[in-house]
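*Asks:* I'd like to ask you about the structure that follows.
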Amino acid sequence: MEAAIDKRALHALSYGLYIVSSVKGDRFNGQIANAVMQVTSDPAAVVACLHRENLTTECVRDSGVFSVSVLGENAPMTFIGNFGFKCGRDFNKFESCSFETGQTGAPLVLEHSIAVIEARVIKEMEIFTHVMFFGEVSSSRRLSEGRPLTYAHYRDVKKGKSPRNAPTFILNDIP
């Protein structure tokens with residue numbers, strides 16, 4: 001007997017909203033991700049889960065590094081849209097935002113971010129449509145004291161939706 005999947009149960013999971021970025025050659029790319037978390041403390045390590053077909057995934061695989069920019073609640077929908085609903089193969093997401101190149105070579109998005117983290121990939125794991133990149137944190141910095149943007153705030157207050165390649169895409173139809 002197959003168990004039913006109640007999407008409302010998945011909808012109750014808590015997420016943040018982040019920009020995960022990387023570099024390939026001399027080109028930067030980044031994307032909105034909600035599947036990022038710290039997994040160990042000593043040494044500090046994080047995991048970022050990205051769709052296997054995204055350009056950012058290709059960049060992380062090529063360079064072995066990624067950054068996480070923790071968005072604040074004040075991040076406007078147009079800014080989120082540039083990183084979440086536009087393809088980096090056709091659009092330079094970094095040409096109109098404030099960023100710096102980190103020590104790993106990955107870009108750190110400063111605009112609308114309250115913290116930045118850089119990591120070097122130590123393990124990669126494919127899971128269905130996505131790839132989990134486990135990275136040892138090489139640097140991190142708090143930029144401001146604002147509140148982090150949660151996925152619930154994005155969905156309930158900003159009325160945002162998930163793009164096709166997001167793990168939460170199937171939850172878009174839940175009121």
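In the structure tokens, each chain is lettered A, B, ... as it comes, each chain's residues begin at 1, and ligands are numbered from 1 in order of appearance.
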Would you please give, as a PyMOL selection string, all residues of chain A that DSSP assigns to strand (DSSP E) based on the backbone?
*Replies:* chain A and resi 18-24+27-33+36-41+44-51+65-71+99-101+107-109+113-127+130-142
*Asks:* With a distance cut-off of 12 Å and only C-alpha atoms, select the neighbouring residues of Gln38 of chain A, excluding the residue or stretch itself and same-chain residues fewer than 3 positions from it, and output the selection as a list in words.
*Replies:*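 Selected residues are Gly16, Ala35, Ser41, Asp42, Pro43, Ala44, Ala45, Val46, Val47, Ala48, Cys49, Val68, Ile117, Ala119, Phe133, Phe134, Gly135, Glu136 and Val137 of chain A.
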*Asks:* Within 12 Å of Arg141 of chain A, counting only C-alpha atoms, which residues qualify if same-chain residues fewer than 5 places away don't, as a list in words?
*Replies:*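 Final neighbour list, sorted by chain and number: Ser67, Val68, Ser69, Val70, Gly102, Leu108, Val109, Leu110, Ser113, Ile114, Ala115, Val116, Ile117 and Glu118 of chain A.
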*Asks:* Tell me which protein, DNA and RNA residues are within 12 Å of segment 147-153 of chain A, counting only C-alpha atoms, leaving out same-chain ones fewer than 3 positions away, and put them as a PyMOL selection string.
*Replies:* chain A and resi 11-19+32-36+69-77+80+112-116+142-144+156-162+168+171
*Asks:* Closest to Lys24 of chain A among A:Val60, A:Cys97, A:Ile174, A:Met132, using only C-alpha atoms?
*Replies:*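 The closest residue to Lys24 of chain A is A:Val60.
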*Asks:* Taking 5 positions as the minimum chain separation for residues in the same chain, which residues sit within 12 Å of Arg52 of chain A when counting only C-alpha atoms? Answer as a CSV table (one decimal) with C-alpha atoms, in the first residue's frame.
*Replies:*
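Contents of result-v3.csv, freshly written:
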chain,number,residue,atom,x,y,z
A,57,THR,CA,26.0,23.4,-10.1
A,58,GLU,CA,28.3,23.3,-13.1
A,59,CYS,CA,30.4,26.2,-11.6
A,60,VAL,CA,30.7,24.5,-8.2
A,61,ARG,CA,31.7,21.2,-9.8
A,124,GLU,CA,29.3,15.8,-3.4
A,125,MET,CA,26.2,13.6,-3.3
A,126,GLU,CA,23.5,13.2,-6.0
A,127,ILE,CA,19.9,12.7,-4.9
A,128,PHE,CA,17.3,12.4,-7.6
A,129,THR,CA,17.2,15.7,-9.4
A,130,HIS,CA,19.6,17.6,-7.1
A,131,VAL,CA,23.2,17.6,-6.0
A,132,MET,CA,24.2,18.2,-2.4
A,133,PHE,CA,27.6,19.9,-2.0
A,165,ASN,CA,14.1,23.5,-10.5
A,166,ALA,CA,13.6,24.3,-6.8
A,167,PRO,CA,13.0,21.5,-4.3
*Asks:* Which is closer to Asn82 of chain A than all the others in A:Phe99, A:Phe94, A:Phe66, A:Phe28, using only C-alpha atoms?
*Replies:*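 Residue with the minimum atom-to-atom distance to Asn82 of chain A: A:Phe94.
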*Asks:* Using only C-alpha atoms, determine which residues lie at most 8 Å from Gly105 of chain A, disregarding the query and same-chain residues fewer than 2 positions distant; provide the list as a list in words.
*Replies:* Ser22, Val23, Val65, Thr101, Gly102, Gln103 and Pro107 of chain A
*Asks:* Could you list, as a PDB file with all heavy atoms, in the first residue's frame, every residue within 12 Å of Asn92 of chain A, counting only C-alpha atoms and ignoring same-chain residues fewer than 3 positions away?
*Replies:*
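File produced: result26.pdb:
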ATOM      1  N   ARG A  27      34.028  33.559 -15.011  1.00  0.00           N
ATOM      2  CA  ARG A  27      32.599  33.871 -14.979  1.00  0.00           C
ATOM      3  C   ARG A  27      31.971  33.458 -13.652  1.00  0.00           C
ATOM      4  O   ARG A  27      32.177  32.344 -13.179  1.00  0.00           O
ATOM      5  CB  ARG A  27      31.906  33.132 -16.116  1.00  0.00           C
ATOM      6  CG  ARG A  27      30.451  33.466 -16.203  1.00  0.00           C
ATOM      7  CD  ARG A  27      29.874  33.026 -17.507  1.00  0.00           C
ATOM      8  NE  ARG A  27      28.476  33.432 -17.548  1.00  0.00           N
ATOM      9  CZ  ARG A  27      27.586  32.873 -18.293  1.00  0.00           C
ATOM     10  NH1 ARG A  27      27.937  31.896 -19.095  1.00  0.00           N
ATOM     11  NH2 ARG A  27      26.355  33.287 -18.277  1.00  0.00           N
ATOM     12  N   PHE A  28      31.218  34.376 -13.059  1.00  0.00           N
ATOM     13  CA  PHE A  28      30.481  34.104 -11.833  1.00  0.00           C
ATOM     14  C   PHE A  28      29.052  33.701 -12.157  1.00  0.00           C
ATOM     15  O   PHE A  28      28.481  34.143 -13.153  1.00  0.00           O
ATOM     16  CB  PHE A  28      30.409  35.360 -10.955  1.00  0.00           C
ATOM     17  CG  PHE A  28      31.728  35.846 -10.443  1.00  0.00           C
ATOM     18  CD1 PHE A  28      31.999  37.203 -10.402  1.00  0.00           C
ATOM     19  CD2 PHE A  28      32.694  34.970  -9.984  1.00  0.00           C
ATOM     20  CE1 PHE A  28      33.204  37.679  -9.913  1.00  0.00           C
ATOM     21  CE2 PHE A  28      33.903  35.425  -9.497  1.00  0.00           C
ATOM     22  CZ  PHE A  28      34.154  36.781  -9.457  1.00  0.00           C
ATOM     23  N   ASN A  29      28.473  32.893 -11.297  1.00  0.00           N
ATOM     24  CA  ASN A  29      27.035  32.634 -11.359  1.00  0.00           C
ATOM     25  C   ASN A  29      26.542  32.367  -9.952  1.00  0.00           C
ATOM     26  O   ASN A  29      27.293  31.936  -9.076  1.00  0.00           O
ATOM     27  CB  ASN A  29      26.683  31.455 -12.266  1.00  0.00           C
ATOM     28  CG  ASN A  29      25.203  31.465 -12.622  1.00  0.00           C
ATOM     29  OD1 ASN A  29      24.736  32.399 -13.258  1.00  0.00           O
ATOM     30  ND2 ASN A  29      24.473  30.475 -12.187  1.00  0.00           N
ATOM     31  N   GLY A  30      25.273  32.642  -9.755  1.00  0.00           N
ATOM     32  CA  GLY A  30      24.648  32.405  -8.460  1.00  0.00           C
ATOM     33  C   GLY A  30      23.173  32.164  -8.642  1.00  0.00           C
ATOM     34  O   GLY A  30      22.596  32.514  -9.676  1.00  0.00           O
ATOM     35  N   GLN A  31      22.566  31.576  -7.633  1.00  0.00           N
ATOM     36  CA  GLN A  31      21.148  31.262  -7.702  1.00  0.00           C
ATOM     37  C   GLN A  31      20.536  31.312  -6.314  1.00  0.00           C
ATOM     38  O   GLN A  31      21.220  31.156  -5.316  1.00  0.00           O
ATOM     39  CB  GLN A  31      20.940  29.880  -8.294  1.00  0.00           C
ATOM     40  CG  GLN A  31      21.416  28.769  -7.354  1.00  0.00           C
ATOM     41  CD  GLN A  31      21.048  27.398  -7.850  1.00  0.00           C
ATOM     42  OE1 GLN A  31      21.596  26.954  -8.841  1.00  0.00           O
ATOM     43  NE2 GLN A  31      20.142  26.735  -7.142  1.00  0.00           N
ATOM     44  N   LEU A  55      23.349  26.126 -13.885  1.00  0.00           N
ATOM     45  CA  LEU A  55      24.701  26.606 -14.165  1.00  0.00           C
ATOM     46  C   LEU A  55      25.532  26.712 -12.890  1.00  0.00           C
ATOM     47  O   LEU A  55      26.727  26.422 -12.898  1.00  0.00           O
ATOM     48  CB  LEU A  55      24.646  27.966 -14.884  1.00  0.00           C
ATOM     49  CG  LEU A  55      25.981  28.615 -15.216  1.00  0.00           C
ATOM     50  CD1 LEU A  55      26.848  27.710 -16.085  1.00  0.00           C
ATOM     51  CD2 LEU A  55      25.752  29.964 -15.895  1.00  0.00           C
ATOM     52  N   ASN A  82      16.081  38.172  -9.933  1.00  0.00           N
ATOM     53  CA  ASN A  82      17.283  38.119 -10.779  1.00  0.00           C
ATOM     54  C   ASN A  82      18.094  36.860 -10.526  1.00  0.00           C
ATOM     55  O   ASN A  82      18.674  36.285 -11.442  1.00  0.00           O
ATOM     56  CB  ASN A  82      18.165  39.348 -10.552  1.00  0.00           C
ATOM     57  CG  ASN A  82      17.670  40.560 -11.290  1.00  0.00           C
ATOM     58  OD1 ASN A  82      16.882  40.466 -12.220  1.00  0.00           O
ATOM     59  ND2 ASN A  82      18.113  41.712 -10.859  1.00  0.00           N
ATOM     60  N   PHE A  83      18.142  36.428  -9.278  1.00  0.00           N
ATOM     61  CA  PHE A  83      18.922  35.239  -8.933  1.00  0.00           C
ATOM     62  C   PHE A  83      18.083  33.964  -8.939  1.00  0.00           C
ATOM     63  O   PHE A  83      18.635  32.871  -9.001  1.00  0.00           O
ATOM     64  CB  PHE A  83      19.603  35.421  -7.572  1.00  0.00           C
ATOM     65  CG  PHE A  83      20.809  36.292  -7.626  1.00  0.00           C
ATOM     66  CD1 PHE A  83      20.707  37.657  -7.389  1.00  0.00           C
ATOM     67  CD2 PHE A  83      22.049  35.775  -7.954  1.00  0.00           C
ATOM     68  CE1 PHE A  83      21.822  38.473  -7.454  1.00  0.00           C
ATOM     69  CE2 PHE A  83      23.175  36.576  -8.031  1.00  0.00           C
ATOM     70  CZ  PHE A  83      23.060  37.940  -7.777  1.00  0.00           C
ATOM     71  N   LYS A  86      15.927  33.881 -13.382  1.00  0.00           N
ATOM     72  CA  LYS A  86      16.640  34.144 -14.633  1.00  0.00           C
ATOM     73  C   LYS A  86      17.809  33.179 -14.735  1.00  0.00           C
ATOM     74  O   LYS A  86      18.472  32.885 -13.751  1.00  0.00           O
ATOM     75  CB  LYS A  86      17.132  35.594 -14.673  1.00  0.00           C
ATOM     76  CG  LYS A  86      16.000  36.595 -14.752  1.00  0.00           C
ATOM     77  CD  LYS A  86      16.521  37.996 -14.929  1.00  0.00           C
ATOM     78  CE  LYS A  86      15.358  38.965 -15.054  1.00  0.00           C
ATOM     79  NZ  LYS A  86      15.832  40.333 -15.196  1.00  0.00           N
ATOM     80  N   CYS A  87      18.065  32.729 -15.943  1.00  0.00           N
ATOM     81  CA  CYS A  87      19.136  31.770 -16.180  1.00  0.00           C
ATOM     82  C   CYS A  87      20.469  32.486 -16.383  1.00  0.00           C
ATOM     83  O   CYS A  87      20.575  33.392 -17.210  1.00  0.00           O
ATOM     84  CB  CYS A  87      18.809  30.916 -17.405  1.00  0.00           C
ATOM     85  SG  CYS A  87      20.109  29.725 -17.778  1.00  0.00           S
ATOM     86  N   GLY A  88      21.472  32.071 -15.630  1.00  0.00           N
ATOM     87  CA  GLY A  88      22.800  32.656 -15.746  1.00  0.00           C
ATOM     88  C   GLY A  88      23.481  32.373 -17.074  1.00  0.00           C
ATOM     89  O   GLY A  88      24.470  33.010 -17.412  1.00  0.00           O
ATOM     90  N   ARG A  89      22.970  31.451 -17.850  1.00  0.00           N
ATOM     91  CA  ARG A  89      23.545  31.189 -19.176  1.00  0.00           C
ATOM     92  C   ARG A  89      23.202  32.329 -20.144  1.00  0.00           C
ATOM     93  O   ARG A  89      23.895  32.539 -21.122  1.00  0.00           O
ATOM     94  CB  ARG A  89      23.019  29.856 -19.726  1.00  0.00           C
ATOM     95  CG  ARG A  89      23.423  28.664 -18.890  1.00  0.00           C
ATOM     96  CD  ARG A  89      22.883  27.352 -19.469  1.00  0.00           C
ATOM     97  NE  ARG A  89      22.800  26.300 -18.482  1.00  0.00           N
ATOM     98  CZ  ARG A  89      23.828  25.603 -18.016  1.00  0.00           C
ATOM     99  NH1 ARG A  89      25.041  25.859 -18.449  1.00  0.00           N
ATOM    100  NH2 ARG A  89      23.651  24.660 -17.118  1.00  0.00           N
ATOM    101  N   GLU A  95      26.082  41.818 -12.844  1.00  0.00           N
ATOM    102  CA  GLU A  95      26.410  43.113 -13.432  1.00  0.00           C
ATOM    103  C   GLU A  95      25.725  44.286 -12.742  1.00  0.00           C
ATOM    104  O   GLU A  95      26.203  45.412 -12.838  1.00  0.00           O
ATOM    105  CB  GLU A  95      26.143  43.129 -14.941  1.00  0.00           C
ATOM    106  CG  GLU A  95      24.708  43.239 -15.348  1.00  0.00           C
ATOM    107  CD  GLU A  95      24.559  43.244 -16.864  1.00  0.00           C
ATOM    108  OE1 GLU A  95      25.561  43.160 -17.584  1.00  0.00           O
ATOM    109  OE2 GLU A  95      23.416  43.341 -17.316  1.00  0.00           O
ATOM    110  N   SER A  96      24.641  44.036 -12.018  1.00  0.00           N
ATOM    111  CA  SER A  96      23.948  45.160 -11.385  1.00  0.00           C
ATOM    112  C   SER A  96      23.723  44.949  -9.893  1.00  0.00           C
ATOM    113  O   SER A  96      22.772  45.464  -9.323  1.00  0.00           O
ATOM    114  CB  SER A  96      22.604  45.403 -12.093  1.00  0.00           C
ATOM    115  OG  SER A  96      21.777  44.272 -11.953  1.00  0.00           O
ATOM    116  N   CYS A  97      24.598  44.188  -9.238  1.00  0.00           N
ATOM    117  CA  CYS A  97      24.478  44.038  -7.784  1.00  0.00           C
ATOM    118  C   CYS A  97      25.844  44.236  -7.135  1.00  0.00           C
ATOM    119  O   CYS A  97      26.879  44.085  -7.772  1.00  0.00           O
ATOM    120  CB  CYS A  97      23.876  42.685  -7.406  1.00  0.00           C
ATOM    121  SG  CYS A  97      25.010  41.306  -7.378  1.00  0.00           S
TER     122      CYS A  97
END
*Asks:* Would you mind reading off the distance between atom CA of Glu100 of chain A and atom CA of Ile122 of chain A, one decimal, in Å?
*Replies:*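 Computing the Euclidean distance for atom CA of Glu100 of chain A and atom CA of Ile122 of chain A yields 23.4 Å.
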*Asks:* Of the residues A:Thr104, A:Thr40, A:Ser21, A:Ser139, which is the one nearest to Thr56 of chain A, using only C-alpha atoms?
*Replies:*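 Among the listed residues, A:Ser21 lies closest to Thr56 of chain A.
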